$ cat input-v5.cif   # mmCIF, C-alpha atoms
data_protein
#
loop_
_atom_site.label_atom_id
_atom_site.label_comp_id
_atom_site.auth_asym_id
_atom_site.auth_seq_id
_atom_site.Cartn_x
_atom_site.Cartn_y
_atom_site.Cartn_z
CA MET A 264 -10.46 21.69 23.50
CA ARG A 265 -12.73 18.72 22.92
CA SER A 266 -11.45 15.95 20.69
CA GLU A 267 -12.47 12.61 19.30
CA GLN A 268 -10.24 10.29 17.33
CA ILE A 269 -11.75 8.87 14.20
CA ARG A 270 -10.53 5.56 12.82
CA ILE A 271 -10.68 5.14 9.10
CA HIS A 272 -12.79 2.50 7.46
CA THR A 273 -13.87 2.83 3.86
CA CYS A 274 -17.28 1.38 4.58
CA LEU A 275 -18.10 3.75 7.44
CA ASN A 276 -19.43 7.23 7.01
CA LYS A 277 -16.47 8.82 8.78
CA LEU A 278 -13.75 11.16 7.74
CA GLY A 279 -10.51 9.30 7.32
CA LEU A 280 -7.03 9.05 6.02
CA ARG A 281 -5.13 5.91 5.10
CA ALA A 282 -1.39 6.15 4.64
CA ALA A 283 0.62 3.48 2.89
CA VAL A 284 4.10 4.19 3.94
CA GLN A 285 6.91 2.80 2.11
CA PRO A 286 9.63 2.14 4.56
CA PHE A 287 9.74 0.68 6.28
CA THR A 288 7.22 2.70 3.69
CA LEU A 289 5.63 1.72 5.04
CA ALA A 290 2.70 2.92 5.28
CA LEU A 291 -0.53 3.26 5.88
CA ILE A 292 -3.37 4.28 7.66
CA GLY A 293 -3.21 7.49 9.51
CA LYS A 294 -5.63 8.60 12.14
CA LEU A 295 -7.42 11.89 12.09
CA GLN A 296 -8.17 13.77 15.19
CA TYR A 297 -11.24 15.94 15.15
CA CYS A 298 -10.71 18.82 17.55
CA ARG A 299 -13.12 21.54 18.55
CA SER A 300 -11.79 24.73 20.10
CA GLN A 301 -14.28 26.22 22.54
CA ALA A 302 -12.37 29.49 22.65
CA SER A 303 -12.12 30.20 18.94
CA ASN A 304 -15.25 28.36 17.88
CA THR A 305 -13.43 26.78 14.96
CA GLU A 306 -13.15 23.23 13.77
CA THR A 307 -9.73 21.72 13.27
CA ILE A 308 -8.79 18.45 11.63
CA LYS A 309 -5.38 17.09 12.55
CA VAL A 310 -3.45 14.09 11.40
CA SER A 311 -2.67 12.45 14.71
CA VAL A 312 0.44 10.70 13.51
CA ARG A 313 3.27 12.38 15.37
CA CYS A 314 6.91 13.09 14.74
CA ARG A 315 8.76 10.71 17.02
CA THR A 316 11.23 13.34 18.15
CA ILE A 317 9.17 16.52 18.16
CA GLN A 318 5.92 14.90 19.28
CA THR A 319 3.68 17.35 17.48
CA SER A 320 0.95 16.94 14.90
CA VAL A 321 2.36 16.81 11.41
CA LEU A 322 -0.52 18.23 9.41
CA SER A 323 -3.48 20.34 10.40
CA TYR A 324 -6.49 21.74 8.58
CA THR A 325 -8.88 24.36 9.84
CA ALA A 326 -12.47 24.90 8.76
CA PRO A 327 -14.92 27.63 9.77
CA ALA A 328 -17.55 27.09 12.42
CA LEU A 329 -20.27 24.72 11.32
CA CYS A 330 -23.86 25.58 10.68
CA ALA A 331 -26.28 25.69 13.61
CA HIS A 332 -27.70 22.27 12.76
CA ASN A 333 -24.34 20.56 12.95
CA GLU A 334 -23.35 22.54 16.05
CA GLU A 335 -26.49 21.28 17.72
CA ARG A 336 -25.74 17.69 16.73
CA TRP A 337 -22.23 18.09 18.09
CA HIS A 338 -23.38 19.37 21.44
CA ASN A 339 -26.01 16.63 21.67
CA GLY A 340 -23.32 14.00 21.52
CA HIS A 341 -23.79 12.82 17.93
CA GLY A 342 -20.10 13.19 17.16
CA PRO A 343 -18.45 15.09 14.32
CA PRO A 344 -20.46 16.36 11.35
CA PRO A 345 -20.55 14.61 7.99
CA VAL A 346 -17.59 15.07 5.67
CA GLU A 347 -19.61 17.27 3.33
CA SER A 348 -19.89 19.93 6.06
CA LEU A 349 -16.17 20.54 6.25
CA TYR A 350 -14.09 22.79 4.06
CA CYS A 351 -10.79 24.59 4.33
CA THR A 352 -10.16 28.31 4.45
CA PRO A 353 -7.38 29.66 2.18
CA LYS A 354 -5.22 30.61 5.13
CA THR A 355 -4.74 26.98 6.08
CA ARG A 356 -3.10 26.19 2.73
CA ALA A 357 -4.75 22.81 3.03
CA ALA A 358 -6.38 21.03 0.13
CA ASN A 359 -10.09 21.75 -0.25
CA TRP A 360 -10.58 18.33 -1.79
CA PHE A 361 -8.82 16.68 1.13
CA LEU A 362 -11.66 17.47 3.50
CA THR A 363 -14.72 17.88 1.35
CA ASP A 364 -14.30 15.03 -1.07
CA LEU A 365 -13.38 12.14 1.19
CA LYS A 366 -16.32 9.76 0.81
CA GLU A 367 -17.28 6.60 2.64
CA ASP A 368 -16.39 4.39 -0.32
CA TRP A 369 -12.79 5.43 -0.89
CA THR A 370 -9.65 6.02 1.08
CA ILE A 371 -6.56 8.13 0.48
CA PHE A 372 -3.15 6.60 1.12
CA ILE A 373 -0.23 8.87 1.96
CA SER A 374 3.36 7.72 1.76
CA LEU A 375 5.07 8.59 5.04
CA ALA A 376 8.62 7.81 6.18
CA ILE A 377 8.51 5.59 9.21
CA ASP A 378 11.32 7.48 10.91
CA GLU A 379 9.25 10.66 10.84
CA TYR A 380 5.66 9.48 11.24
CA LYS A 381 3.71 6.88 13.13
CA PRO A 382 1.56 4.99 10.61
CA LEU A 383 -1.13 2.51 11.60
CA ASP A 384 -0.32 -0.06 8.89
CA ALA A 385 2.93 -0.64 7.02
CA THR A 386 4.64 -2.47 4.16
CA THR A 387 8.19 -3.61 3.47
CA ASN A 388 10.07 -4.95 0.48
CA PRO A 389 13.62 -6.30 -0.09
CA SER A 390 14.96 -2.91 -1.18
CA LEU A 391 13.69 -1.20 1.97
CA ILE A 392 14.93 -3.95 4.28
CA LEU A 393 18.34 -3.81 2.60
CA ALA A 394 18.57 -0.09 3.20
CA ALA A 395 17.32 -0.32 6.79
CA ALA A 396 19.65 -3.21 7.62
CA GLN A 397 22.64 -0.97 6.89
CA MET A 398 21.52 1.72 9.31
CA PRO A 399 23.19 1.85 12.75
CA ALA A 400 19.82 2.07 14.49
CA TYR A 401 18.85 -1.44 13.34
CA GLN A 402 22.07 -3.38 13.89
CA GLU A 403 20.61 -5.16 16.90
CA LEU A 404 17.91 -6.64 14.65
CA VAL A 405 20.56 -7.75 12.17
CA ASP A 406 22.60 -9.35 14.96
CA ASP A 407 19.52 -11.20 16.20
CA ALA A 408 18.79 -12.51 12.69
CA VAL A 409 22.38 -13.65 12.27
CA ALA A 410 22.30 -15.45 15.62
CA TYR A 411 19.02 -17.12 14.69
CA GLY A 412 20.37 -18.38 11.37
CA LYS A 413 23.49 -19.80 12.98
CA LYS A 414 21.47 -21.39 15.80
CA LEU A 415 19.35 -23.38 13.34
CA GLY A 416 22.48 -24.63 11.65
CA GLY A 417 22.56 -26.45 8.33
CA SER A 418 24.47 -25.48 5.23
CA GLU A 419 25.79 -21.98 4.75
CA GLU A 420 23.00 -21.33 2.25
CA GLU A 421 20.33 -22.55 4.68
CA GLN A 422 21.69 -20.43 7.50
CA ILE A 423 21.65 -17.31 5.33
CA LYS A 424 18.10 -18.02 4.12
CA ASN A 425 16.86 -18.52 7.68
CA ALA A 426 18.62 -15.33 8.78
CA CYS A 427 16.97 -13.39 5.93
CA ASP A 428 13.50 -14.64 6.81
CA LYS A 429 14.10 -13.86 10.47
CA LEU A 430 15.32 -10.36 9.61
CA PHE A 431 12.17 -9.61 7.60
CA VAL A 432 10.02 -10.79 10.49
CA LEU A 433 12.08 -8.90 13.07
CA PHE A 434 11.58 -5.69 11.13
CA GLY A 435 7.89 -6.46 10.74
CA ALA A 436 7.51 -7.23 14.44
CA GLU A 437 9.33 -4.04 15.37
CA ILE A 438 6.98 -2.03 13.17
CA LEU A 439 3.94 -3.74 14.67
CA LYS A 440 5.01 -2.58 18.12
CA ARG A 441 4.34 0.97 16.92
CA ILE A 442 1.19 0.46 14.89
CA PRO A 443 -2.20 -1.10 15.60
CA GLY A 444 -2.75 -2.33 12.05
CA ARG A 445 -1.03 -4.76 9.68
CA VAL A 446 2.40 -5.03 8.09
CA SER A 447 3.13 -6.46 4.63
CA THR A 448 6.10 -8.80 4.33
CA GLU A 449 7.37 -9.84 0.92
CA VAL A 450 8.30 -13.32 -0.27
CA ASP A 451 11.66 -13.59 -2.04
CA ALA A 452 11.23 -12.36 -5.63
CA ARG A 453 13.44 -15.22 -6.86
CA LEU A 454 10.51 -17.50 -6.10
CA SER A 455 8.21 -15.55 -8.42
CA PHE A 456 7.81 -18.55 -10.76
CA ASP A 457 7.70 -21.20 -8.04
CA LYS A 458 4.16 -21.61 -6.69
CA GLU A 459 4.98 -24.19 -4.04
CA GLY A 460 8.12 -22.32 -3.07
CA MET A 461 6.13 -19.13 -2.46
CA ILE A 462 3.49 -20.99 -0.43
CA GLN A 463 6.14 -22.62 1.75
CA ARG A 464 8.03 -19.35 2.23
CA ALA A 465 4.84 -17.46 3.07
CA ARG A 466 3.83 -20.07 5.64
CA ARG A 467 7.34 -19.98 7.07
CA LEU A 468 7.09 -16.22 7.51
CA ILE A 469 3.70 -16.57 9.19
CA ASP A 470 5.16 -19.24 11.51
CA LEU A 471 8.01 -16.92 12.44
CA TYR A 472 5.52 -14.19 13.25
CA LYS A 473 3.56 -16.68 15.35
CA GLU A 474 6.74 -17.53 17.29
CA ALA A 475 7.04 -13.81 17.97
CA GLY A 476 3.49 -13.76 19.33
CA ILE A 477 1.97 -12.09 16.25
CA GLY A 478 -1.11 -13.56 14.58
CA LYS A 479 -1.62 -13.86 10.82
CA ASP A 480 -4.48 -11.37 10.99
CA ARG A 481 -1.84 -8.66 11.35
CA ILE A 482 0.18 -9.76 8.32
CA LEU A 483 -0.19 -9.33 4.56
CA ILE A 484 2.09 -11.51 2.44
CA LYS A 485 3.37 -9.74 -0.67
CA LEU A 486 3.72 -11.82 -3.82
CA SER A 487 4.74 -11.00 -7.38
CA SER A 488 1.76 -11.04 -9.75
CA THR A 489 3.05 -13.84 -11.95
CA TRP A 490 0.72 -16.74 -12.74
CA GLU A 491 2.52 -18.79 -10.11
CA GLY A 492 2.37 -15.96 -7.60
CA ILE A 493 -1.35 -15.45 -8.14
CA GLN A 494 -2.05 -19.16 -7.73
CA ALA A 495 0.07 -19.21 -4.59
CA GLY A 496 -2.02 -16.33 -3.29
CA LYS A 497 -5.19 -18.27 -4.05
CA VAL A 498 -4.01 -21.25 -1.99
CA LEU A 499 -2.75 -19.10 0.86
CA GLU A 500 -6.05 -17.21 1.09
CA ALA A 501 -8.39 -20.20 0.70
CA GLU A 502 -6.55 -22.96 2.52
CA TYR A 503 -4.53 -21.14 5.15
CA GLY A 504 -6.39 -17.90 5.77
CA ILE A 505 -3.26 -15.90 4.91
CA HIS A 506 -4.06 -12.56 3.30
CA CYS A 507 -2.03 -11.51 0.27
CA ASN A 508 -0.93 -8.22 -1.25
CA MET A 509 -0.20 -8.75 -4.96
CA THR A 510 2.52 -6.44 -6.19
CA LEU A 511 4.15 -5.65 -9.56
CA LEU A 512 0.79 -5.61 -11.33
CA PHE A 513 0.69 -3.95 -14.75
CA SER A 514 -1.74 -5.82 -17.00
CA PHE A 515 -5.49 -6.37 -17.08
CA ALA A 516 -4.82 -10.11 -17.31
CA GLN A 517 -2.97 -9.96 -13.98
CA ALA A 518 -5.87 -8.08 -12.40
CA VAL A 519 -8.48 -10.54 -13.67
CA ALA A 520 -6.47 -13.52 -12.44
CA CYS A 521 -6.01 -11.90 -9.02
CA ALA A 522 -9.75 -11.28 -8.73
CA GLU A 523 -10.54 -14.87 -9.65
CA ALA A 524 -7.98 -16.04 -7.10
CA GLY A 525 -9.73 -14.05 -4.37
CA VAL A 526 -6.64 -12.27 -3.05
CA THR A 527 -7.04 -9.42 -0.57
CA LEU A 528 -5.37 -6.54 -2.44
CA ILE A 529 -3.68 -5.61 -5.71
CA SER A 530 -1.31 -2.71 -6.41
CA PRO A 531 -1.46 -1.54 -10.05
CA PHE A 532 1.39 0.93 -10.72
CA VAL A 533 0.00 4.00 -12.46
CA GLY A 534 3.23 5.95 -12.84
CA ARG A 535 5.40 3.07 -13.97
CA ILE A 536 2.92 2.33 -16.74
CA LEU A 537 3.09 5.96 -17.85
CA ASP A 538 6.90 5.87 -17.72
CA TRP A 539 6.99 2.98 -20.17
CA TYR A 540 4.72 4.68 -22.69
CA VAL A 541 6.64 7.95 -22.49
CA ILE A 542 9.94 6.17 -23.10
CA ASN A 543 8.72 3.79 -25.79
CA GLY A 544 6.05 5.82 -27.58
CA ASP A 545 5.91 8.95 -29.69
CA LYS A 546 3.67 10.79 -27.24
CA LYS A 547 5.50 12.37 -24.32
CA THR A 548 2.67 14.09 -22.46
CA TYR A 549 -0.85 12.92 -21.61
CA GLU A 550 -3.98 14.51 -20.26
CA PRO A 551 -4.96 12.79 -17.01
CA SER A 552 -7.98 11.06 -18.53
CA GLU A 553 -5.79 9.68 -21.34
CA ASP A 554 -2.88 8.67 -19.12
CA PRO A 555 -2.17 4.96 -19.82
CA GLY A 556 -1.78 4.22 -16.10
CA VAL A 557 -5.02 5.98 -15.22
CA LYS A 558 -6.88 4.14 -17.96
CA SER A 559 -5.47 0.82 -16.74
CA VAL A 560 -6.56 1.32 -13.12
CA THR A 561 -9.93 2.70 -14.18
CA LYS A 562 -10.62 -0.41 -16.25
CA ILE A 563 -9.57 -2.69 -13.40
CA TYR A 564 -11.70 -0.79 -10.85
CA ASN A 565 -14.74 -0.85 -13.12
CA TYR A 566 -14.32 -4.56 -13.82
CA TYR A 567 -14.02 -5.43 -10.13
CA LYS A 568 -17.02 -3.37 -9.10
CA LYS A 569 -19.21 -4.44 -12.02
CA PHE A 570 -18.78 -8.12 -11.23
CA GLY A 571 -18.66 -7.84 -7.45
CA TYR A 572 -15.08 -8.84 -6.74
CA LYS A 573 -13.97 -8.04 -3.19
CA THR A 574 -10.27 -7.63 -3.97
CA ILE A 575 -9.11 -4.11 -3.06
CA VAL A 576 -7.70 -1.92 -5.86
CA MET A 577 -4.89 0.29 -4.60
CA GLY A 578 -3.57 2.69 -7.22
CA ALA A 579 0.12 3.41 -6.66
CA SER A 580 3.24 5.00 -8.11
CA PHE A 581 1.82 8.36 -9.20
CA ARG A 582 3.85 10.79 -11.26
CA ASN A 583 1.63 13.89 -11.03
CA THR A 584 -1.47 15.24 -9.30
CA GLY A 585 -3.50 14.91 -12.47
CA GLU A 586 -3.29 11.13 -12.21
CA ILE A 587 -4.45 11.24 -8.61
CA LYS A 588 -7.43 13.47 -9.33
CA ALA A 589 -8.37 11.32 -12.31
CA LEU A 590 -8.62 8.29 -10.00
CA THR A 591 -10.52 9.78 -7.07
CA GLY A 592 -13.05 7.21 -6.02
CA CYS A 593 -10.63 4.27 -6.29
CA ASP A 594 -10.53 1.99 -3.23
CA TYR A 595 -7.08 3.14 -2.11
CA LEU A 596 -4.54 5.56 -3.55
CA THR A 597 -0.88 5.80 -2.53
CA ILE A 598 0.17 9.45 -2.58
CA SER A 599 3.74 10.62 -1.98
CA PRO A 600 4.44 13.58 0.34
CA LYS A 601 5.63 15.65 -2.65
CA LEU A 602 2.38 15.22 -4.56
CA LEU A 603 0.33 15.67 -1.40
CA ALA A 604 2.06 19.01 -0.87
CA GLU A 605 1.12 20.03 -4.41
CA LEU A 606 -2.48 18.97 -3.84
CA SER A 607 -2.58 20.98 -0.63
CA LYS A 608 -2.18 24.18 -2.64
CA GLU A 609 -5.25 23.54 -4.78
CA TYR A 610 -8.64 24.87 -3.80
CA VAL A 611 -10.97 23.19 -6.25
CA LYS A 612 -13.71 20.76 -5.36
CA LEU A 613 -13.23 17.27 -6.70
CA THR A 614 -15.97 14.96 -7.81
CA PRO A 615 -14.98 11.29 -7.64
CA THR A 616 -14.33 10.07 -11.17
CA LEU A 617 -14.76 6.42 -10.21
CA SER A 618 -17.89 5.02 -8.59
CA VAL A 619 -19.52 1.66 -8.09
CA LYS A 620 -22.69 2.89 -9.78
CA GLU A 621 -20.89 3.92 -12.97
CA ALA A 622 -18.75 0.78 -12.91
CA GLN A 623 -21.82 -1.41 -12.80
CA ALA A 624 -23.17 0.37 -15.87
CA CYS A 625 -19.97 0.01 -17.93
CA GLU A 626 -19.84 -2.29 -20.97
CA LEU A 627 -17.06 -4.59 -19.83
CA GLU A 628 -17.73 -8.30 -20.21
CA LYS A 629 -16.70 -10.89 -17.65
CA ILE A 630 -13.90 -13.18 -18.71
CA HIS A 631 -12.21 -16.24 -17.28
CA LEU A 632 -8.49 -16.84 -17.58
CA ASP A 633 -6.94 -20.26 -17.18
CA GLU A 634 -3.17 -20.51 -17.28
CA LYS A 635 -2.92 -20.65 -21.07
CA ALA A 636 -5.25 -17.69 -21.56
CA PHE A 637 -3.50 -15.69 -18.84
CA ARG A 638 -0.08 -16.19 -20.33
CA TRP A 639 -1.30 -15.27 -23.79
CA HIS A 640 -3.15 -12.11 -22.76
CA HIS A 641 -0.37 -10.96 -20.47
CA ASN A 642 2.22 -11.66 -23.16
CA GLU A 643 0.25 -9.50 -25.60
CA ASP A 644 0.91 -6.49 -23.31
CA GLN A 645 4.54 -5.62 -24.02
CA MET A 646 4.61 -2.92 -21.34
CA ALA A 647 3.36 -5.29 -18.64
CA VAL A 648 5.79 -8.05 -19.60
CA GLU A 649 8.77 -5.70 -19.47
CA LYS A 650 7.75 -3.90 -16.25
CA LEU A 651 6.95 -7.12 -14.38
CA SER A 652 10.25 -8.75 -15.30
CA ASP A 653 12.16 -5.56 -14.52
CA GLY A 654 10.53 -5.30 -11.09
CA ILE A 655 11.28 -8.93 -10.25
CA ARG A 656 14.92 -8.55 -11.31
CA LYS A 657 15.40 -5.44 -9.17
CA PHE A 658 13.84 -6.99 -6.05
CA ALA A 659 15.87 -10.15 -6.62
CA ALA A 660 19.08 -8.14 -6.96
CA ASP A 661 18.44 -6.45 -3.62
CA ALA A 662 17.67 -9.80 -2.00
CA ILE A 663 21.06 -11.06 -3.20
CA LYS A 664 22.77 -7.96 -1.80
CA LEU A 665 21.06 -8.53 1.55
CA GLU A 666 22.22 -12.15 1.60
CA ARG A 667 25.78 -11.10 0.84
CA MET A 668 25.69 -8.63 3.71
CA LEU A 669 24.39 -11.29 6.09
CA LYS A 670 26.93 -13.83 4.82
CA GLU A 671 29.75 -11.45 5.65
CA ARG A 672 28.34 -10.88 9.13
CA MET A 673 27.83 -14.59 9.71
CA PHE A 674 31.00 -16.15 8.34
CA SER A 675 33.75 -13.57 7.70
CA ALA A 676 34.91 -13.44 11.33
CA GLU A 677 35.24 -17.22 11.72
CA ASN A 678 37.10 -17.37 8.41
CA GLY A 679 39.60 -14.84 9.69
CA LYS A 680 38.63 -12.19 7.14
#
$ encode --input "input-v5.cif" --output "structure tokens"
Amino acid sequence: MRSEQIRIHTCLNKLGLRAAVQPFTLALIGKLQYCRSQASNTETIKVSVRCRTIQTSVLSYTAPALCAHNEERWHNGHGPPPVESLYCTPKTRAANWFLTDLKEDWTIFISLAIDEYKPLDATTNPSLILAAAQMPAYQELVDDAVAYGKKLGGSEEEQIKNACDKLFVLFGAEILKRIPGRVSTEVDARLSFDKEGMIQRARRLIDLYKEAGIGKDRILIKLSSTWEGIQAGKVLEAEYGIHCNMTLLFSFAQAVACAEAGVTLISPFVGRILDWYVINGDKKTYEPSEDPGVKSVTKIYNYYKKFGYKTIVMGASFRNTGEIKALTGCDYLTISPKLLAELSKEYVKLTPTLSVKEAQACELEKIHLDEKAFRWHHNEDQMAVEKLSDGIRKFAADAIKLERMLKERMFSAENGK
């Protein structure tokens, strides 16, 4: 069998898969392995992320032999055929769209559990770190963080804070041992309204990574998409070369401010937007094209592409396959294993609904938002205000739980408890 691994880059004309795993979800970027079987004369596409215990390919897709032209190009050393040449046979139970509709200007993200798959890039958040820190497999990392906090000394509060930062970096560093890409590490959500606090914490995290021998090019700092968070991201990107991943984004005002700040990536939450409208509105079901979350991401994508912003739009938090198909063409999409499995049973060809060409022809007008305008426009979106504050509260609550756990580990023994 002859094989060639294909790395995924949205700007290259190559077949690819990008997985954003959340734990440690981490996720992201898978590799595809293009394999040609001489014996069966078939073409097979395999996801080359492997189960750590079984050491076998997780997903595979088979397509019929290619046309003579592409076979000739293959044998002449030109590499694998263009994406458009590949399609799945029904017996593979693989999604037709998955192979035929991947284009050079968009990337699919798949959520994969880090304990089962080997992603190329990854992301963490306080909730995931809290869960992982309670697992037996990671107690050595917790012990190291506790020892680090106590070594630096200071007040009890300072020791716990230093231990928390160290724990986040230890998890990130451990992940980076297994992946060639980048890991996202989140700044404490309780700093969401403290610009300088977020900048200092982000730089501290980058310094800790540097002490571990890891450069900032392999790190994305996650910040809440408050006005203060966005302005912190602007400073980090422009003055320190630290790339930022803006999370908890629900309003167009947040998206515009992030674009103007020049941050690396935003994560608008499609499903959470839908959830709010279903709970608070009279309408309980939506066609994909009318889904409030889909409409929100579509508007953001069109605005960014029309006015040439480089910030990446990564649609996330999907509730159904209709939302995913309605946003094909978006820069990145985060797709859960459950929804991916549903998509794999469909055999219809998808045409990207979003494109740079159509975005540039849309009627949106460019706007500028200073702090006053941002706060007003964001405040006018009740859904966004409620979802942002709810997200911050939940991340903050998990950060507090993590601190309590570390406090017990650090001080209960010496207090005789």
$ atom_distance --input "input-v5.cif" --atom1 "CA of Val560 in chain A" --atom2 "CA of Ile598 in chain A"
14.9 Å
$ resolve_selection --input "input-v5.cif" --expression "the PyMOL selection byres ((chain A and resi 464-469) around 8)" --output "mmCIF file with C-alpha atoms, in the frame of the given file"
data_model
loop_
_atom_site.group_PDB
_atom_site.id
_atom_site.type_symbol
_atom_site.label_atom_id
_atom_site.label_comp_id
_atom_site.auth_asym_id
_atom_site.auth_seq_id
_atom_site.Cartn_x
_atom_site.Cartn_y
_atom_site.Cartn_z
ATOM 1 C CA ASP A 428 13.500 -14.640 6.810
ATOM 2 C CA LYS A 429 14.100 -13.860 10.470
ATOM 3 C CA VAL A 432 10.020 -10.790 10.490
ATOM 4 C CA VAL A 450 8.300 -13.320 -0.270
ATOM 5 C CA GLY A 460 8.120 -22.320 -3.070
ATOM 6 C CA MET A 461 6.130 -19.130 -2.460
ATOM 7 C CA ILE A 462 3.490 -20.990 -0.430
ATOM 8 C CA GLN A 463 6.140 -22.620 1.750
ATOM 9 C CA ASP A 470 5.160 -19.240 11.510
ATOM 10 C CA LEU A 471 8.010 -16.920 12.440
ATOM 11 C CA TYR A 472 5.520 -14.190 13.250
ATOM 12 C CA LYS A 473 3.560 -16.680 15.350
ATOM 13 C CA GLY A 478 -1.110 -13.560 14.580
ATOM 14 C CA LYS A 479 -1.620 -13.860 10.820
ATOM 15 C CA ILE A 482 0.180 -9.760 8.320
ATOM 16 C CA ILE A 484 2.090 -11.510 2.440
#
$ resolve_selection --input "input-v5.cif" --expression "the PyMOL selection byres ((chain A and resi 434) around 10)" --output "list in words"
Phe287, Thr387, Ile392, Ala395, Ala396, Tyr401, Leu404, Val405, Lys429, Leu430, Phe431, Val432, Leu433, Gly435, Ala436, Glu437, Ile438, Leu439, Val446 and Thr448 of chain A
$ write_last_selection --input "input-v5.cif" --atoms "C-alpha atoms" --output "compact mmCIF listing (two decimals), keeping the file's coordinate frame"
# COMPACT_ATOMS: atom_id res chain seq x y z
CA PHE A 287 9.74 0.68 6.28
CA THR A 387 8.19 -3.61 3.47
CA ILE A 392 14.93 -3.95 4.28
CA ALA A 395 17.32 -0.32 6.79
CA ALA A 396 19.65 -3.21 7.62
CA TYR A 401 18.85 -1.44 13.34
CA LEU A 404 17.91 -6.64 14.65
CA VAL A 405 20.56 -7.75 12.17
CA LYS A 429 14.10 -13.86 10.47
CA LEU A 430 15.32 -10.36 9.61
CA PHE A 431 12.17 -9.61 7.60
CA VAL A 432 10.02 -10.79 10.49
CA LEU A 433 12.08 -8.90 13.07
CA GLY A 435 7.89 -6.46 10.74
CA ALA A 436 7.51 -7.23 14.44
CA GLU A 437 9.33 -4.04 15.37
CA ILE A 438 6.98 -2.03 13.17
CA LEU A 439 3.94 -3.74 14.67
CA VAL A 446 2.40 -5.03 8.09
CA THR A 448 6.10 -8.80 4.33
$ atom_distance --input "input-v5.cif" --atom1 "CA of Glu634 in chain A" --atom2 "CA of Leu511 in chain A"
18.3 Å
$ atom_distance --input "input-v5.cif" --atom1 "CA of Ala408 in chain A" --atom2 "CA of Ala662 in chain A"
15.0 Å
$ closest_residue --input "input-v5.cif" --among "A:Gly585, A:Pro531, A:Gly525, A:Pro615" --to "Ser552 in chain A" --atoms "only C-alpha atoms"
A:Gly585
$ residues_around --input "input-v5.cif" --residues "Arg445 in chain A" --least-positions-apart "6" --cutoff "7 Å" --atoms "all atoms listed in the file" --output "list in words"
Asp384, Ala385, Arg481, Ile482 and Leu483 of chain A
$ write_last_selection --input "input-v5.cif" --atoms "C-alpha atoms" --output "PDB file, in the coordinates of the input"
ATOM      1  CA  ASP A 384      -0.320  -0.060   8.890  1.00  0.00           C
ATOM      2  CA  ALA A 385       2.930  -0.640   7.020  1.00  0.00           C
ATOM      3  CA  ARG A 481      -1.840  -8.660  11.350  1.00  0.00           C
ATOM      4  CA  ILE A 482       0.180  -9.760   8.320  1.00  0.00           C
ATOM      5  CA  LEU A 483      -0.190  -9.330   4.560  1.00  0.00           C
TER       6      LEU A 483
END
$ resolve_selection --input "input-v5.cif" --expression "the PyMOL selection byres ((chain A and resi 646) around 12)" --output "PyMOL selection string"
chain A and resi 512-515+532+535-544+555-556+559+641-645+647-653
$ closest_residue --input "input-v5.cif" --among "A:Leu627, A:Val533, A:Leu528, A:Val619" --to "Ile587 in chain A" --atoms "only C-alpha atoms"
A:Val533
$ closest_residue --input "input-v5.cif" --among "A:Glu666, A:Asp480, A:Glu671, A:Glu500" --to "Glu421 in chain A" --atoms "all atoms listed in the file"
A:Glu666
